[in-house]
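Each remark here refers to the structure printed beneath this line.
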Amino acid sequence: MIGVEEVEGRAQHSPERPFLSVENLAVQFKTEDGIVQAVDGVSFSLERGKTLAIVGESGSGKSVTAQAVMGLVKAMGGIVSGEIWLDGQELNGLSPAEVQALRGAEMAMIFQDPMSSLHPFYRIGDQIVEAIMAHRKVGKGAARKEALEMLKHVGIPAAERRIDAFPHQLSGGMRQRVMIAMALINSPQLLIADEPTTALDVTVQAQILELIRRLQGEFGTTVIMITHDLGVVADVADDVAVMYAARIVEQAPTSETYYHAQMPYTLGLLASIPRMDRGQQDRLDPIPGNPPSPIHLPPGCVFQPRCKYWEQVPESAGHCKTDRPELLASGAGHSVRCLLPTDARRQISQEVLQSLRGEG
Amino acid sequence: MSDGANGQILNVTDLHTYFPIKSRGLIPRTIGQVKAVDGIDLALASSETLGLVGESGSGKTTAARSILRLVEPTSGQIELDGQDITHLNSSAMVKVRRKAQMIFQDPYTALNPRHTVGGIIAAPFRVQKVEPPGGVRAAVMELMERVGLNPEHFNRYPNEFSGGQRQRIGIARAIALRPRLIVCDEPVSALDVSIQAQILNLLKDLQREFGIAYLFVAHDLSVVRQVSHRVAVMYLGHIVETASQEVIYAAPLHPYTHSLLSAIPIPDPAQQKKRNRILLQGDLPSPINPPSGCVFRTRCFQAQEKCAAEIPPLVELEPGHKVACHFPIAKPPESVVVSTTEEDEAVMAARRDSGPVDSGAMPH
Ligand SMILES: Nc1ncnc2c1ncn2[C@@H]1O[C@H](COP(=O)(O)OP(=O)(O)OP(=O)(O)O)[C@@H](O)[C@H]1O
Ligand SMILES: Nc1ncnc2c1ncn2[C@@H]1O[C@H](COP(=O)(O)OP(=O)(O)OP(=O)(O)O)[C@@H](O)[C@H]1O
Ligand code: SF4
Ligand SMILES: [Mg+2]
Ligand SMILES: [Mg+2]
């Protein structure tokens, strides 16, 4: 690896590596039914201060990818391979204690359900104070002052009074704000948000997205946003990674994803969503069938059983049922996992997206 | 007036459903009420879909369940196919359920895991003692085929099916007796987008084929737009605006509808960046202590004194377009911002006032 020195078995800072670089990440779980391949060869990178959205079908491995980056998967019984580089440090090789020290300080995570990170029996102020004191040498009084400032900062009205509230005394939107306050209290460089607004009403979702955007601007935080809502993606992301059946099948800058997607699954996804900004369509154009079981992933392209185009792949390019496509570059910052030749993909992309715009 | 013969299937007038809040203790007494549905009117014709939208807690599910008498309404009148069903006893209601069915959000909990798919879909025939020509088994297999399930899976159990397939099982059961009305409560909310589209298409096809009327409850306004002919917007137990689907989305007049529509992110980055958005502050007040006057006034950019003093009636401002607002507006002023503190205080106050529920539960 260029620019990486091995010092005492652990690779050190490399100026060439982007701020976050996940390389060939794979996660398996052993279950009664067999081995679940939850994540399979996932690679992506992210520059400091940018937002990457991960979208995809339920069960495609979005959360497990995030949990692996946060060093949470091993404790859940998962087997992790690959490399995770954060700001020049490789995380997958660290001991649990070392990862724990980073978690909540260098990197933090927020979830769909705030109650998974808030303790129901402790006052929210005390919980934030504890988060501060776990990572920094700060007195209790100073920590409480800092907690109060942060609660105000995330838009908790009457924060002086609410700092002593219990989580259940707050609305869902306010709990989400408290969780964000707690995640950001130690100024982490990386924030992973796993469906942070899925359980919220759209009007509250808009508030929370606005908040994350504002704080990201102020603190320069790098964000990974996991969501299944392509509207949220369009709103927040610089780059989009589309996951399907444990793999990234397409990755591109956001506008490229919406206007020039090439992978048949991404195109199918864009065609399936009913859209607020368009009139009623007679029928939607869904992807047929169901996603595969993570225990029996198809040997070739994981999307082949639902793909409309696999028969168009020329013999010379391989066979979708047996040959596993690699994630290959196809334009600036754009990579695609599909055996179709680039020209054919571009052609299909144009046809599908044009007809979606009503120009077909 | 409802008239079954005129194709009018459902007529709901002034429906109220309140849930009593009881103190705990030796002698429980009612110390308050959750005004989940607080006086709504709905009408639905055959082959028509009425979308009922609104935020969490606005009373959509309670309204839907009250209409089928799965929850007892507090007052009001429900006419189904020309028959007043408001006060029918449970044995009479069994007959009514031939005409009106329900499908639920959660395909996982809505199906009995110990029954085979065939048994689940056959249940309506058993309950209603209907013997379809050709027998129950053939009828069930035909239904499975119709909703896109493999009839050979007749003897499988629900846990062997994916979310989308389970929703198809629920739909097959609902259409078994050719109901006139199906109340759908968030039927696709738990499904992946690619599967959502399959189910929405199926519901549309079945409507075309059988003339079913749908009351389609959902919080996702894009989904509602895709299936509805008319849309009613609910807020804190009230319908605040109702119109044709086209009008609700293109020319709403209620400030809440404007806010709701502007909060939905559009899956198109260029368009999304260009949009004017109304950032509503705070969240839904407590339905135990709803604001006086207009229930939306604590979050409304149009609110004035009159809004706190008088309840705005639902008025037909244009043919087929009803709005409950003292100051309806066609185009919201640019960058409307509301002070957070004041109304969040109102939310807190409402929560504090609902205190007796908690303290009543305390042993001392
Ligand atoms: N602790 C675990 N043990 C066994 N299997 C697991 C575990 N955690 C996740 N999985 C499996 O790994 C796969 C990926 O799960 P993951 O939670 O990452 O999906 P997701 O993309 O986040 O889906 P969703 O959109 O539903 O949240 C799934 O098949 C899931 O069942
Ligand atoms: N059985 C009940 N007892 C007491 N209160 C109830 C009961 N059922 C519902 N409520 C309350 O009535 C109000 C309306 O609830 P409802 O479930 O009808 O809302 P909804 O619009 O369907 O929301 P969601 O989008 O979350 O499903 C809420 O405040 C809820 O807490
Ligand atoms: S590799 Fe084949 S099956 Fe997979 S998306 Fe491309 S064309 Fe379809
Ligand atoms: Mg997940
Ligand atoms: Mg509901």
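Just so we're on the same page: first chain in the structure tokens is A, next is B, and so on; residues restart at 1 for each chain, and ligands are numbered from 1 in the order they show up.
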
How close does chain B get to chain A? List, as JSON lines, each residue of chain B within 9 Å, its nearest atom pair and the distance in Å to one decimal, counting only C-alpha atoms.
```
{"residue": "B:Gly54", "atom": "CA", "partner": "A:Asp201", "partner_atom": "CA", "distance": 8.9}
{"residue": "B:Glu55", "atom": "CA", "partner": "A:Asp201", "partner_atom": "CA", "distance": 5.7}
{"residue": "B:Ser56", "atom": "CA", "partner": "A:Asp201", "partner_atom": "CA", "distance": 6.4}
{"residue": "B:Ser162", "atom": "CA", "partner": "A:Asn290", "partner_atom": "CA", "distance": 7.6}
{"residue": "B:Gly164", "atom": "CA", "partner": "A:Asn290", "partner_atom": "CA", "distance": 8.1}
{"residue": "B:Gln165", "atom": "CA", "partner": "A:Asn290", "partner_atom": "CA", "distance": 8.8}
{"residue": "B:Leu191", "atom": "CA", "partner": "A:Ser58", "partner_atom": "CA", "distance": 8.4}
{"residue": "B:Asp192", "atom": "CA", "partner": "A:Glu57", "partner_atom": "CA", "distance": 6.0}
{"residue": "B:Val193", "atom": "CA", "partner": "A:Ile273", "partner_atom": "CA", "distance": 6.2}
{"residue": "B:Ser194", "atom": "CA", "partner": "A:Ile287", "partner_atom": "CA", "distance": 5.5}
{"residue": "B:Ile195", "atom": "CA", "partner": "A:Pro286", "partner_atom": "CA", "distance": 7.0}
{"residue": "B:Gln196", "atom": "CA", "partner": "A:Ser272", "partner_atom": "CA", "distance": 7.9}
{"residue": "B:Ala197", "atom": "CA", "partner": "A:Pro286", "partner_atom": "CA", "distance": 5.1}
{"residue": "B:Gln198", "atom": "CA", "partner": "A:Pro286", "partner_atom": "CA", "distance": 5.5}
{"residue": "B:Leu200", "atom": "CA", "partner": "A:Leu284", "partner_atom": "CA", "distance": 7.8}
{"residue": "B:Asn201", "atom": "CA", "partner": "A:Arg283", "partner_atom": "CA", "distance": 5.8}
{"residue": "B:Lys204", "atom": "CA", "partner": "A:Arg283", "partner_atom": "CA", "distance": 8.0}
{"residue": "B:His219", "atom": "CA", "partner": "A:Asp201", "partner_atom": "CA", "distance": 7.9}
{"residue": "B:Asp220", "atom": "CA", "partner": "A:Val202", "partner_atom": "CA", "distance": 8.5}
{"residue": "B:Leu221", "atom": "CA", "partner": "A:Met276", "partner_atom": "CA", "distance": 7.1}
{"residue": "B:Ser222", "atom": "CA", "partner": "A:Met276", "partner_atom": "CA", "distance": 4.7}
{"residue": "B:Val223", "atom": "CA", "partner": "A:Pro274", "partner_atom": "CA", "distance": 5.9}
{"residue": "B:Val224", "atom": "CA", "partner": "A:Pro274", "partner_atom": "CA", "distance": 8.9}
{"residue": "B:Arg225", "atom": "CA", "partner": "A:Gln280", "partner_atom": "CA", "distance": 6.3}
{"residue": "B:Gln226", "atom": "CA", "partner": "A:Gln280", "partner_atom": "CA", "distance": 4.9}
{"residue": "B:Val227", "atom": "CA", "partner": "A:Gln280", "partner_atom": "CA", "distance": 7.4}
{"residue": "B:Ser228", "atom": "CA", "partner": "A:Gln280", "partner_atom": "CA", "distance": 8.6}
{"residue": "B:Gln245", "atom": "CA", "partner": "A:Gln280", "partner_atom": "CA", "distance": 8.6}
{"residue": "B:Glu246", "atom": "CA", "partner": "A:Gly279", "partner_atom": "CA", "distance": 7.6}
{"residue": "B:Tyr249", "atom": "CA", "partner": "A:Met276", "partner_atom": "CA", "distance": 7.9}
{"residue": "B:Ser259", "atom": "CA", "partner": "A:Thr203", "partner_atom": "CA", "distance": 7.4}
{"residue": "B:Leu260", "atom": "CA", "partner": "A:Thr203", "partner_atom": "CA", "distance": 6.2}
{"residue": "B:Leu261", "atom": "CA", "partner": "A:Met276", "partner_atom": "CA", "distance": 8.3}
{"residue": "B:Ser262", "atom": "CA", "partner": "A:Thr203", "partner_atom": "CA", "distance": 8.6}
{"residue": "B:Ala263", "atom": "CA", "partner": "A:Thr203", "partner_atom": "CA", "distance": 5.4}
{"residue": "B:Ile264", "atom": "CA", "partner": "A:Val202", "partner_atom": "CA", "distance": 6.1}
{"residue": "B:Pro265", "atom": "CA", "partner": "A:Gly231", "partner_atom": "CA", "distance": 4.5}
{"residue": "B:Ile266", "atom": "CA", "partner": "A:Gly231", "partner_atom": "CA", "distance": 4.7}
{"residue": "B:Pro267", "atom": "CA", "partner": "A:Gly231", "partner_atom": "CA", "distance": 3.9}
{"residue": "B:Asp268", "atom": "CA", "partner": "A:Ala234", "partner_atom": "CA", "distance": 5.8}
{"residue": "B:Pro269", "atom": "CA", "partner": "A:Ala234", "partner_atom": "CA", "distance": 4.5}
{"residue": "B:Ala270", "atom": "CA", "partner": "A:Ser255", "partner_atom": "CA", "distance": 7.7}
{"residue": "B:Gln272", "atom": "CA", "partner": "A:Asp235", "partner_atom": "CA", "distance": 6.3}
{"residue": "B:Lys273", "atom": "CA", "partner": "A:Asp235", "partner_atom": "CA", "distance": 7.4}
{"residue": "B:Ile278", "atom": "CA", "partner": "A:Thr203", "partner_atom": "CA", "distance": 8.9}
{"residue": "B:Leu279", "atom": "CA", "partner": "A:Gln207", "partner_atom": "CA", "distance": 6.6}
{"residue": "B:Leu280", "atom": "CA", "partner": "A:Thr203", "partner_atom": "CA", "distance": 6.2}
{"residue": "B:Gln281", "atom": "CA", "partner": "A:Gln207", "partner_atom": "CA", "distance": 7.6}
{"residue": "B:Gly282", "atom": "CA", "partner": "A:Val204", "partner_atom": "CA", "distance": 7.4}
{"residue": "B:Asp283", "atom": "CA", "partner": "A:Val204", "partner_atom": "CA", "distance": 6.8}
{"residue": "B:Leu284", "atom": "CA", "partner": "A:Ser171", "partner_atom": "CA", "distance": 8.9}
{"residue": "B:Thr340", "atom": "CA", "partner": "A:Pro157", "partner_atom": "CA", "distance": 7.1}
{"residue": "B:Thr341", "atom": "CA", "partner": "A:Pro157", "partner_atom": "CA", "distance": 5.6}
{"residue": "B:Glu342", "atom": "CA", "partner": "A:Pro157", "partner_atom": "CA", "distance": 8.9}
{"residue": "B:Asp344", "atom": "CA", "partner": "A:Pro157", "partner_atom": "CA", "distance": 6.7}
{"residue": "B:Glu345", "atom": "CA", "partner": "A:Pro157", "partner_atom": "CA", "distance": 7.8}
{"residue": "B:Val347", "atom": "CA", "partner": "A:Ser171", "partner_atom": "CA", "distance": 8.8}
{"residue": "B:Met348", "atom": "CA", "partner": "A:Leu170", "partner_atom": "CA", "distance": 8.4}
{"residue": "B:Arg351", "atom": "CA", "partner": "A:Gln169", "partner_atom": "CA", "distance": 7.8}
```

With C-alpha atoms retained, export the selected residues as a PDB file, in the first residue's frame.
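Output saved as part-v3.pdb:
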```pdb
ATOM      1  CA  GLY B  54     -51.871  13.467   8.696  1.00  0.00           C
ATOM      2  CA  GLU B  55     -49.040  13.235  11.160  1.00  0.00           C
ATOM      3  CA  SER B  56     -48.614  10.571  13.787  1.00  0.00           C
ATOM      4  CA  SER B 162     -41.590 -11.870   2.822  1.00  0.00           C
ATOM      5  CA  GLY B 164     -44.680  -7.894   0.548  1.00  0.00           C
ATOM      6  CA  GLN B 165     -46.029 -11.425   0.159  1.00  0.00           C
ATOM      7  CA  LEU B 191     -42.583  -2.301   2.843  1.00  0.00           C
ATOM      8  CA  ASP B 192     -39.539  -1.508   0.735  1.00  0.00           C
ATOM      9  CA  VAL B 193     -40.148   0.977  -2.055  1.00  0.00           C
ATOM     10  CA  SER B 194     -39.711  -1.622  -4.758  1.00  0.00           C
ATOM     11  CA  ILE B 195     -42.355  -3.789  -3.068  1.00  0.00           C
ATOM     12  CA  GLN B 196     -44.590  -0.808  -2.238  1.00  0.00           C
ATOM     13  CA  ALA B 197     -45.043  -0.136  -5.923  1.00  0.00           C
ATOM     14  CA  GLN B 198     -46.154  -3.739  -6.528  1.00  0.00           C
ATOM     15  CA  LEU B 200     -50.069  -0.075  -4.890  1.00  0.00           C
ATOM     16  CA  ASN B 201     -50.509  -1.383  -8.439  1.00  0.00           C
ATOM     17  CA  LYS B 204     -55.491  -0.153  -8.115  1.00  0.00           C
ATOM     18  CA  HIS B 219     -48.728   9.380   6.486  1.00  0.00           C
ATOM     19  CA  ASP B 220     -46.762   9.270   3.218  1.00  0.00           C
ATOM     20  CA  LEU B 221     -48.190  11.952   0.972  1.00  0.00           C
ATOM     21  CA  SER B 222     -46.466  10.680  -2.164  1.00  0.00           C
ATOM     22  CA  VAL B 223     -48.072   7.277  -1.736  1.00  0.00           C
ATOM     23  CA  VAL B 224     -51.454   8.866  -1.091  1.00  0.00           C
ATOM     24  CA  ARG B 225     -51.118  10.987  -4.194  1.00  0.00           C
ATOM     25  CA  GLN B 226     -50.472   7.911  -6.284  1.00  0.00           C
ATOM     26  CA  VAL B 227     -53.680   6.088  -5.272  1.00  0.00           C
ATOM     27  CA  SER B 228     -56.276   8.651  -4.204  1.00  0.00           C
ATOM     28  CA  GLN B 245     -56.114  14.794  -5.219  1.00  0.00           C
ATOM     29  CA  GLU B 246     -55.131  17.280  -7.948  1.00  0.00           C
ATOM     30  CA  TYR B 249     -51.323  18.828  -4.130  1.00  0.00           C
ATOM     31  CA  SER B 259     -46.447  23.083   5.544  1.00  0.00           C
ATOM     32  CA  LEU B 260     -46.911  19.358   5.218  1.00  0.00           C
ATOM     33  CA  LEU B 261     -46.344  19.381   1.464  1.00  0.00           C
ATOM     34  CA  SER B 262     -43.317  21.625   1.709  1.00  0.00           C
ATOM     35  CA  ALA B 263     -41.684  19.339   4.296  1.00  0.00           C
ATOM     36  CA  ILE B 264     -41.585  16.308   2.026  1.00  0.00           C
ATOM     37  CA  PRO B 265     -38.215  15.948   0.361  1.00  0.00           C
ATOM     38  CA  ILE B 266     -38.454  15.452  -3.389  1.00  0.00           C
ATOM     39  CA  PRO B 267     -36.224  12.761  -4.894  1.00  0.00           C
ATOM     40  CA  ASP B 268     -34.579  15.183  -7.302  1.00  0.00           C
ATOM     41  CA  PRO B 269     -31.589  17.128  -5.968  1.00  0.00           C
ATOM     42  CA  ALA B 270     -31.963  20.105  -8.310  1.00  0.00           C
ATOM     43  CA  GLN B 272     -35.105  19.952  -3.860  1.00  0.00           C
ATOM     44  CA  LYS B 273     -32.559  22.784  -3.669  1.00  0.00           C
ATOM     45  CA  ILE B 278     -41.885  26.125   5.546  1.00  0.00           C
ATOM     46  CA  LEU B 279     -40.107  24.857   8.632  1.00  0.00           C
ATOM     47  CA  LEU B 280     -42.913  24.184  11.086  1.00  0.00           C
ATOM     48  CA  GLN B 281     -41.753  24.484  14.664  1.00  0.00           C
ATOM     49  CA  GLY B 282     -42.491  22.033  17.468  1.00  0.00           C
ATOM     50  CA  ASP B 283     -44.753  19.048  17.108  1.00  0.00           C
ATOM     51  CA  LEU B 284     -48.339  17.967  17.542  1.00  0.00           C
ATOM     52  CA  THR B 340     -40.214  28.213  18.685  1.00  0.00           C
ATOM     53  CA  THR B 341     -40.331  28.996  22.340  1.00  0.00           C
ATOM     54  CA  GLU B 342     -43.917  30.105  22.564  1.00  0.00           C
ATOM     55  CA  ASP B 344     -43.113  24.603  22.392  1.00  0.00           C
ATOM     56  CA  GLU B 345     -44.175  25.991  25.721  1.00  0.00           C
ATOM     57  CA  VAL B 347     -46.655  21.552  23.943  1.00  0.00           C
ATOM     58  CA  MET B 348     -44.949  21.328  27.317  1.00  0.00           C
ATOM     59  CA  ARG B 351     -47.917  17.543  28.582  1.00  0.00           C
TER      60      ARG B 351
END
```

Note to self: Residues near B:Asp38, anyone? I mean within 7 Å using only C-alpha atoms, not counting same-chain ones fewer than 5 positions away, as JSON, numbers by chain.
What the structure shows: {"B": [15, 16, 17, 237, 238]}

Kindly save the residues from that selection, with N, CA, C and O atoms included, as a short mmCIF file (atom, residue, chain, number, x, y, z; two decimals), in the first residue's frame.
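To be explicit, this is the file written out as again.cif:
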```cif
data_model
loop_
_atom_site.label_atom_id
_atom_site.label_comp_id
_atom_site.auth_asym_id
_atom_site.auth_seq_id
_atom_site.Cartn_x
_atom_site.Cartn_y
_atom_site.Cartn_z
N LEU B 15 -68.34 12.35 13.32
CA LEU B 15 -67.79 11.24 14.11
C LEU B 15 -66.84 11.75 15.21
O LEU B 15 -65.93 12.52 14.94
N HIS B 16 -67.11 11.31 16.43
CA HIS B 16 -66.23 11.61 17.56
C HIS B 16 -65.78 10.28 18.17
O HIS B 16 -66.62 9.42 18.42
N THR B 17 -64.51 10.14 18.43
CA THR B 17 -64.06 9.00 19.23
C THR B 17 -63.11 9.53 20.30
O THR B 17 -62.03 10.04 19.98
N GLY B 237 -57.28 15.26 15.33
CA GLY B 237 -58.67 14.83 15.43
C GLY B 237 -59.63 15.52 14.49
O GLY B 237 -60.81 15.17 14.45
N HIS B 238 -59.16 16.51 13.74
CA HIS B 238 -60.03 17.26 12.84
C HIS B 238 -59.59 17.09 11.39
O HIS B 238 -58.40 16.94 11.13
#
```

Next item on the list: Give as a ChimeraX atom specification the residues surrounding ligand 4 up to a distance of 7 Å, considering only C-alpha atoms and all ligand atoms.
Entry: /A:58-59,62-63,194

Which residues form the shell of 9 Å around ligand 3 when you count only C-alpha atoms and all ligand atoms, given as a short mmCIF file (atom, residue, chain, number, x, y, z; two decimals) with N, CA and C atoms, in the first residue's frame?
```cif
data_model
loop_
_atom_site.label_atom_id
_atom_site.label_comp_id
_atom_site.auth_asym_id
_atom_site.auth_seq_id
_atom_site.Cartn_x
_atom_site.Cartn_y
_atom_site.Cartn_z
N VAL A 249 -23.90 -1.74 -5.08
CA VAL A 249 -24.08 -2.03 -6.50
C VAL A 249 -23.86 -0.79 -7.37
N GLN A 262 -26.91 3.99 -13.48
CA GLN A 262 -26.69 2.99 -14.54
C GLN A 262 -27.05 1.57 -14.14
N MET A 263 -27.00 1.31 -12.85
CA MET A 263 -27.23 -0.06 -12.39
C MET A 263 -28.74 -0.35 -12.43
N PRO A 264 -29.14 -1.48 -13.02
CA PRO A 264 -30.58 -1.77 -13.13
C PRO A 264 -31.36 -1.69 -11.80
N TYR A 265 -30.73 -2.05 -10.68
CA TYR A 265 -31.47 -1.94 -9.41
C TYR A 265 -31.74 -0.47 -9.06
N GLY A 300 -23.94 -15.34 -9.08
CA GLY A 300 -23.48 -14.31 -10.01
C GLY A 300 -23.83 -12.94 -9.50
N CYS A 301 -24.56 -12.17 -10.31
CA CYS A 301 -25.04 -10.86 -9.88
C CYS A 301 -26.19 -11.08 -8.90
N VAL A 302 -26.09 -10.45 -7.72
CA VAL A 302 -27.14 -10.66 -6.71
C VAL A 302 -28.50 -10.15 -7.17
N PHE A 303 -28.52 -9.27 -8.18
CA PHE A 303 -29.79 -8.69 -8.64
C PHE A 303 -30.38 -9.46 -9.82
N GLN A 304 -29.62 -10.40 -10.36
CA GLN A 304 -30.06 -11.07 -11.59
C GLN A 304 -31.50 -11.60 -11.55
N PRO A 305 -31.92 -12.26 -10.45
CA PRO A 305 -33.28 -12.83 -10.46
C PRO A 305 -34.38 -11.79 -10.67
N ARG A 306 -34.09 -10.51 -10.42
CA ARG A 306 -35.13 -9.48 -10.58
C ARG A 306 -34.80 -8.53 -11.73
N CYS A 307 -33.74 -8.79 -12.44
CA CYS A 307 -33.26 -7.82 -13.43
C CYS A 307 -33.97 -8.01 -14.78
N LYS A 308 -34.33 -6.88 -15.39
CA LYS A 308 -35.00 -6.91 -16.69
C LYS A 308 -34.01 -7.05 -17.84
N TYR A 309 -32.72 -6.80 -17.55
CA TYR A 309 -31.79 -6.60 -18.66
C TYR A 309 -30.74 -7.68 -18.79
N TRP A 310 -30.78 -8.68 -17.90
CA TRP A 310 -29.63 -9.59 -17.86
C TRP A 310 -29.44 -10.34 -19.17
N GLU A 311 -30.53 -10.52 -19.93
CA GLU A 311 -30.37 -11.25 -21.19
C GLU A 311 -29.69 -10.40 -22.27
N GLN A 312 -29.56 -9.10 -22.00
CA GLN A 312 -28.89 -8.24 -22.97
C GLN A 312 -27.37 -8.25 -22.81
N VAL A 313 -26.87 -8.95 -21.79
CA VAL A 313 -25.42 -8.99 -21.58
C VAL A 313 -24.78 -9.89 -22.64
N HIS A 319 -21.68 -14.02 -17.76
CA HIS A 319 -23.05 -14.46 -17.59
C HIS A 319 -23.56 -14.05 -16.20
N CYS A 320 -24.69 -13.32 -16.16
CA CYS A 320 -25.19 -12.76 -14.90
C CYS A 320 -25.49 -13.82 -13.85
N LYS A 321 -25.88 -15.02 -14.29
CA LYS A 321 -26.27 -16.04 -13.32
C LYS A 321 -25.07 -16.68 -12.64
N ASP A 323 -21.40 -15.31 -13.18
CA ASP A 323 -20.23 -14.46 -13.01
C ASP A 323 -20.55 -13.26 -12.13
N ARG A 324 -19.76 -13.11 -11.10
CA ARG A 324 -20.01 -12.03 -10.17
C ARG A 324 -19.41 -10.73 -10.69
N PRO A 325 -20.24 -9.71 -10.97
CA PRO A 325 -19.67 -8.44 -11.47
C PRO A 325 -18.92 -7.70 -10.37
N VAL A 336 -20.08 1.19 -10.82
CA VAL A 336 -21.26 0.38 -11.08
C VAL A 336 -20.87 -1.09 -11.03
N ARG A 337 -21.75 -1.89 -10.44
CA ARG A 337 -21.52 -3.33 -10.39
C ARG A 337 -22.53 -4.00 -11.32
N CYS A 338 -22.15 -4.20 -12.56
CA CYS A 338 -23.08 -4.76 -13.54
C CYS A 338 -22.29 -5.25 -14.74
N LEU A 339 -22.71 -6.37 -15.29
CA LEU A 339 -21.97 -6.96 -16.41
C LEU A 339 -22.31 -6.32 -17.75
N LEU A 340 -23.38 -5.56 -17.81
CA LEU A 340 -23.73 -4.92 -19.08
C LEU A 340 -22.59 -4.01 -19.53
N ARG A 345 -25.48 0.21 -20.72
CA ARG A 345 -25.99 0.76 -19.46
C ARG A 345 -26.43 2.21 -19.63
#
```

Note to self: Counting only C-alpha atoms and all ligand atoms, what are the residues, protein, DNA or RNA alike, that approach ligand 1 to within 10 Å? I want them as an MDAnalysis selection string.
What the structure shows: (chainID A and resid 27:39 54:68 73:78 112 194:195 226:228 243:246 292:295) or (chainID B and resid 190:192)

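Among the candidate residues B:Cys184, B:Val96, B:Arg146, B:Leu10, the one lying nearest to ligand 2 is B:Cys184, with distances computed using only C-alpha atoms and all ligand atoms.
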
Report the closest atom pair, with its distance in Å rounded to one decimal, for each residue of chain B that has an atom no farther than 7 Å from ligand 2; count only C-alpha atoms and all ligand atoms, sort by chain and then rising residue number, and write it as JSON lines.
```
{"residue": "B:Phe19", "atom": "CA", "partner": "ligand 2", "partner_atom_place_in_ligand_line": "4 (C)", "distance": 4.9}
{"residue": "B:Pro20", "atom": "CA", "partner": "ligand 2", "partner_atom_place_in_ligand_line": "4 (C)", "distance": 6.9}
{"residue": "B:Val34", "atom": "CA", "partner": "ligand 2", "partner_atom_place_in_ligand_line": "5 (N)", "distance": 5.7}
{"residue": "B:Lys35", "atom": "CA", "partner": "ligand 2", "partner_atom_place_in_ligand_line": "12 (O)", "distance": 6.7}
{"residue": "B:Ala36", "atom": "CA", "partner": "ligand 2", "partner_atom_place_in_ligand_line": "12 (O)", "distance": 4.1}
{"residue": "B:Gly54", "atom": "CA", "partner": "ligand 2", "partner_atom_place_in_ligand_line": "21 (O)", "distance": 6.2}
{"residue": "B:Glu55", "atom": "CA", "partner": "ligand 2", "partner_atom_place_in_ligand_line": "25 (O)", "distance": 5.5}
{"residue": "B:Ser56", "atom": "CA", "partner": "ligand 2", "partner_atom_place_in_ligand_line": "25 (O)", "distance": 3.3}
{"residue": "B:Gly57", "atom": "CA", "partner": "ligand 2", "partner_atom_place_in_ligand_line": "19 (O)", "distance": 3.5}
{"residue": "B:Ser58", "atom": "CA", "partner": "ligand 2", "partner_atom_place_in_ligand_line": "21 (O)", "distance": 3.9}
{"residue": "B:Gly59", "atom": "CA", "partner": "ligand 2", "partner_atom_place_in_ligand_line": "18 (O)", "distance": 3.2}
{"residue": "B:Lys60", "atom": "CA", "partner": "ligand 2", "partner_atom_place_in_ligand_line": "21 (O)", "distance": 3.7}
{"residue": "B:Thr61", "atom": "CA", "partner": "ligand 2", "partner_atom_place_in_ligand_line": "22 (O)", "distance": 3.6}
{"residue": "B:Thr62", "atom": "CA", "partner": "ligand 2", "partner_atom_place_in_ligand_line": "18 (O)", "distance": 3.6}
{"residue": "B:Ala63", "atom": "CA", "partner": "ligand 2", "partner_atom_place_in_ligand_line": "18 (O)", "distance": 6.3}
{"residue": "B:His219", "atom": "CA", "partner": "ligand 2", "partner_atom_place_in_ligand_line": "25 (O)", "distance": 6.0}
{"residue": "B:Ser286", "atom": "CA", "partner": "ligand 2", "partner_atom_place_in_ligand_line": "29 (O)", "distance": 6.7}
{"residue": "B:Pro287", "atom": "CA", "partner": "ligand 2", "partner_atom_place_in_ligand_line": "29 (O)", "distance": 5.6}
```

Note to self: If DSSP is run on the backbone, what residues of stretch 42-189 of chain B are helix (DSSP H, G or I)? A reply as a ChimeraX atom specification would be ideal.
What the structure shows: /B:60-67,90-96,117-128,136-146,151-155,158-160,163-175

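Here atom CA of B:Ala174 is placed at a distance of 6.8 Å from atom CA of B:Ile103.
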